[in-house]
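To keep things clear, I will list the structure first and then write my remarks on it.
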Amino acid sequence: MNIRGHWSVLLAPLIPLALGLYLLNHFGVTPGQTLAKIQHVMSRQPPFDWTVAIDITVWLIIGFGLVVLAGRIAWLLTTRVEVERNGIEHRTGVLHRYTSRIQYKDAECLSLYQSWLGYLLGYGTVTVHGRGSAKVALKNVTTARDLMMYIDQQMARSAAAPKPAPSPVTAPRNEQPSTGDVALAG
């Protein structure tokens with residue numbers, strides 16, 4: 001089963017973009033006007049035009065929104081969650097690839113986090129905790145509740161699977177089994 005990230009991660013960067021576009025329209029900011037204002041301010045000729053601060057702020061808001069949006073799109077395109085019969089593999093990254101893998105037999109517990117929007121739209125973060133400090137967090141995945149139930153079933157199936165019997169430990173033939181007493185030389 002191949003799980004993807006949810007499209008809702010694109011909503012947060014759309015807020016500064018919408019705000020920036022609204023301010024562009026409201027203040028009538030154009031790239032040509034902004035450059036002309038910056039050149040006028042840099043030439044230090046009176047009168048000083050304070051509206052250049054508004055123009056620069058608007059362009060910074062739009063730039064911030066575009067950078068965050070590009071990062072979120074890259075995350076959506078490069079993140080893969082492979083849910084298989086024996087375990088989970090989570091891969092993400094553009095410049096640096098990060099891969100984490102956990103077997104169902106090594107998993108100890110599951111947790112699900114859903115915001116109110118995630119609950120309404122059906123996405124969330126499923127975290128699989130393994131032995132020791134092993135943890136795989138599957139952030140903003142689609143059908144989070146179904147994924148959690150599937151992983152829980154696989155963990156139960158793995159726990160119920162017969163385990164190989166340990167080999168019996170026998171004492172060497174020429175020695176007597178230890179009684180637990182220790183003699184100190186002295």
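Order determines the names: the first chain of the structure tokens is A, the second B, and so forth; residues in each chain are numbered 1 upward, and ligands are numbered 1 upward as they are shown.
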Name the residues in contact with range 101-114 of chain A at a cut-off of 9 Å, using only C-alpha atoms, excluding same-chain residues fewer than 6 positions from it; report them as a ChimeraX atom specification. /A:85-91,122-131,134-136,140,144-145,148,151-152,154-159
Going by DSSP on the backbone, which bits of range 7-148 of chain A are strand (DSSP E)? Write them as a compact mmCIF listing (two decimals) with N, CA and C atoms, in the first residue's frame, please.
# COMPACT_ATOMS: atom_id res chain seq x y z
N ARG A 80 7.26 9.46 0.38
CA ARG A 80 6.62 8.18 0.08
C ARG A 80 6.52 7.37 1.37
N VAL A 81 5.38 6.75 1.57
CA VAL A 81 5.18 5.83 2.68
C VAL A 81 4.74 4.51 2.09
N GLU A 82 5.58 3.50 2.26
CA GLU A 82 5.28 2.16 1.78
C GLU A 82 4.83 1.32 2.98
N VAL A 83 3.59 0.88 2.95
CA VAL A 83 3.07 0.01 4.00
C VAL A 83 2.99 -1.38 3.41
N GLY A 87 6.30 -4.55 7.35
CA GLY A 87 6.71 -3.32 8.01
C GLY A 87 6.37 -2.07 7.20
N ILE A 88 6.88 -0.93 7.68
CA ILE A 88 6.61 0.37 7.08
C ILE A 88 7.93 1.02 6.71
N GLU A 89 7.96 1.64 5.55
CA GLU A 89 9.13 2.41 5.13
C GLU A 89 8.67 3.82 4.76
N HIS A 90 9.32 4.81 5.35
CA HIS A 90 8.99 6.22 5.13
C HIS A 90 10.20 6.89 4.51
N ARG A 91 10.04 7.46 3.31
CA ARG A 91 11.13 8.14 2.61
C ARG A 91 10.71 9.57 2.30
N THR A 92 11.62 10.51 2.56
CA THR A 92 11.35 11.91 2.26
C THR A 92 12.66 12.64 2.00
N TYR A 98 16.00 11.02 3.48
CA TYR A 98 15.84 10.43 4.80
C TYR A 98 14.90 9.24 4.67
N THR A 99 15.37 8.07 5.10
CA THR A 99 14.56 6.86 5.05
C THR A 99 14.52 6.24 6.43
N SER A 100 13.32 5.92 6.89
CA SER A 100 13.18 5.21 8.16
C SER A 100 12.29 4.00 7.91
N ARG A 101 12.63 2.92 8.58
CA ARG A 101 11.93 1.66 8.37
C ARG A 101 11.69 1.01 9.74
N ILE A 102 10.51 0.43 9.92
CA ILE A 102 10.22 -0.28 11.15
C ILE A 102 9.42 -1.53 10.80
N GLN A 103 9.79 -2.63 11.42
CA GLN A 103 9.09 -3.90 11.21
C GLN A 103 7.92 -3.97 12.19
N ALA A 107 7.38 -3.08 16.45
CA ALA A 107 6.51 -1.98 16.85
C ALA A 107 5.82 -2.31 18.17
N GLU A 108 5.71 -1.31 19.03
CA GLU A 108 5.08 -1.53 20.33
C GLU A 108 3.74 -0.81 20.46
N CYS A 109 3.63 0.41 19.93
CA CYS A 109 2.36 1.12 20.05
C CYS A 109 2.19 2.11 18.90
N LEU A 110 0.95 2.54 18.73
CA LEU A 110 0.57 3.48 17.67
C LEU A 110 -0.07 4.70 18.29
N SER A 111 0.07 5.84 17.62
CA SER A 111 -0.68 7.02 18.03
C SER A 111 -1.14 7.76 16.77
N LEU A 112 -2.27 8.43 16.91
CA LEU A 112 -2.86 9.17 15.81
C LEU A 112 -3.15 10.57 16.30
N TYR A 113 -2.71 11.56 15.53
CA TYR A 113 -3.03 12.95 15.82
C TYR A 113 -3.78 13.52 14.63
N TYR A 123 -7.29 13.40 7.17
CA TYR A 123 -5.84 13.22 7.21
C TYR A 123 -5.35 13.41 8.63
N GLY A 124 -4.11 12.98 8.86
CA GLY A 124 -3.54 13.11 10.19
C GLY A 124 -2.13 12.58 10.22
N THR A 125 -1.57 12.52 11.42
CA THR A 125 -0.22 12.02 11.63
C THR A 125 -0.30 10.72 12.42
N VAL A 126 0.20 9.64 11.84
CA VAL A 126 0.25 8.34 12.50
C VAL A 126 1.69 8.11 12.93
N THR A 127 1.89 7.85 14.21
CA THR A 127 3.23 7.60 14.73
C THR A 127 3.31 6.17 15.22
N VAL A 128 4.32 5.44 14.73
CA VAL A 128 4.56 4.06 15.14
C VAL A 128 5.78 4.07 16.05
N HIS A 129 5.60 3.67 17.29
CA HIS A 129 6.70 3.63 18.25
C HIS A 129 7.21 2.20 18.33
N GLY A 130 8.51 2.06 18.20
CA GLY A 130 9.12 0.73 18.25
C GLY A 130 9.92 0.54 19.52
N LYS A 135 11.13 5.26 16.16
CA LYS A 135 9.84 5.90 15.96
C LYS A 135 9.75 6.33 14.50
N VAL A 136 8.62 6.07 13.89
CA VAL A 136 8.35 6.52 12.53
C VAL A 136 7.08 7.35 12.58
N ALA A 137 7.20 8.63 12.23
CA ALA A 137 6.05 9.54 12.20
C ALA A 137 5.64 9.76 10.75
N LEU A 138 4.45 9.36 10.42
CA LEU A 138 3.90 9.52 9.08
C LEU A 138 3.00 10.75 9.11
N LYS A 139 3.56 11.91 8.76
CA LYS A 139 2.87 13.18 8.92
C LYS A 139 1.94 13.49 7.76
N ASN A 140 0.77 14.02 8.10
CA ASN A 140 -0.21 14.51 7.13
C ASN A 140 -0.53 13.50 6.04
N VAL A 141 -0.77 12.26 6.44
CA VAL A 141 -1.09 11.23 5.45
C VAL A 141 -2.60 11.16 5.24
N THR A 142 -2.98 10.81 4.03
CA THR A 142 -4.40 10.65 3.71
C THR A 142 -4.91 9.39 4.40
Can you measure CA of Ile15 in chain A to CA of Gly65 in chain A for me? One decimal in Å is fine. 7.5 Å
Considering only C-alpha atoms, state which residue in the set A:Tyr119, A:Tyr22, A:Tyr150, A:Trp59 is at the smallest distance from Thr34 in chain A.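 Closest to Thr34 in chain A, using only C-alpha atoms: A:Trp59.
Residues in contact with Ile61 in chain A at up to 10 Å, not including ones fewer than 6 positions away on its chain and judged by only C-alpha atoms, are Ile15, Pro16, Leu17, Ala18, Leu19, Gly20, Leu21 and Leu23 of chain A.
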Export of the given selection (C-alpha atoms) as an mmCIF file, in the first residue's frame:
data_model
loop_
_atom_site.group_PDB
_atom_site.id
_atom_site.type_symbol
_atom_site.label_atom_id
_atom_site.label_comp_id
_atom_site.auth_asym_id
_atom_site.auth_seq_id
_atom_site.Cartn_x
_atom_site.Cartn_y
_atom_site.Cartn_z
ATOM 1 C CA ILE A 15 -2.625 32.627 3.230
ATOM 2 C CA PRO A 16 0.404 34.949 2.766
ATOM 3 C CA LEU A 17 0.008 34.710 -0.999
ATOM 4 C CA ALA A 18 -3.633 35.780 -0.801
ATOM 5 C CA LEU A 19 -2.742 38.572 1.631
ATOM 6 C CA GLY A 20 0.067 39.778 -0.633
ATOM 7 C CA LEU A 21 -2.147 39.767 -3.715
ATOM 8 C CA LEU A 23 -2.290 44.286 -0.721
#
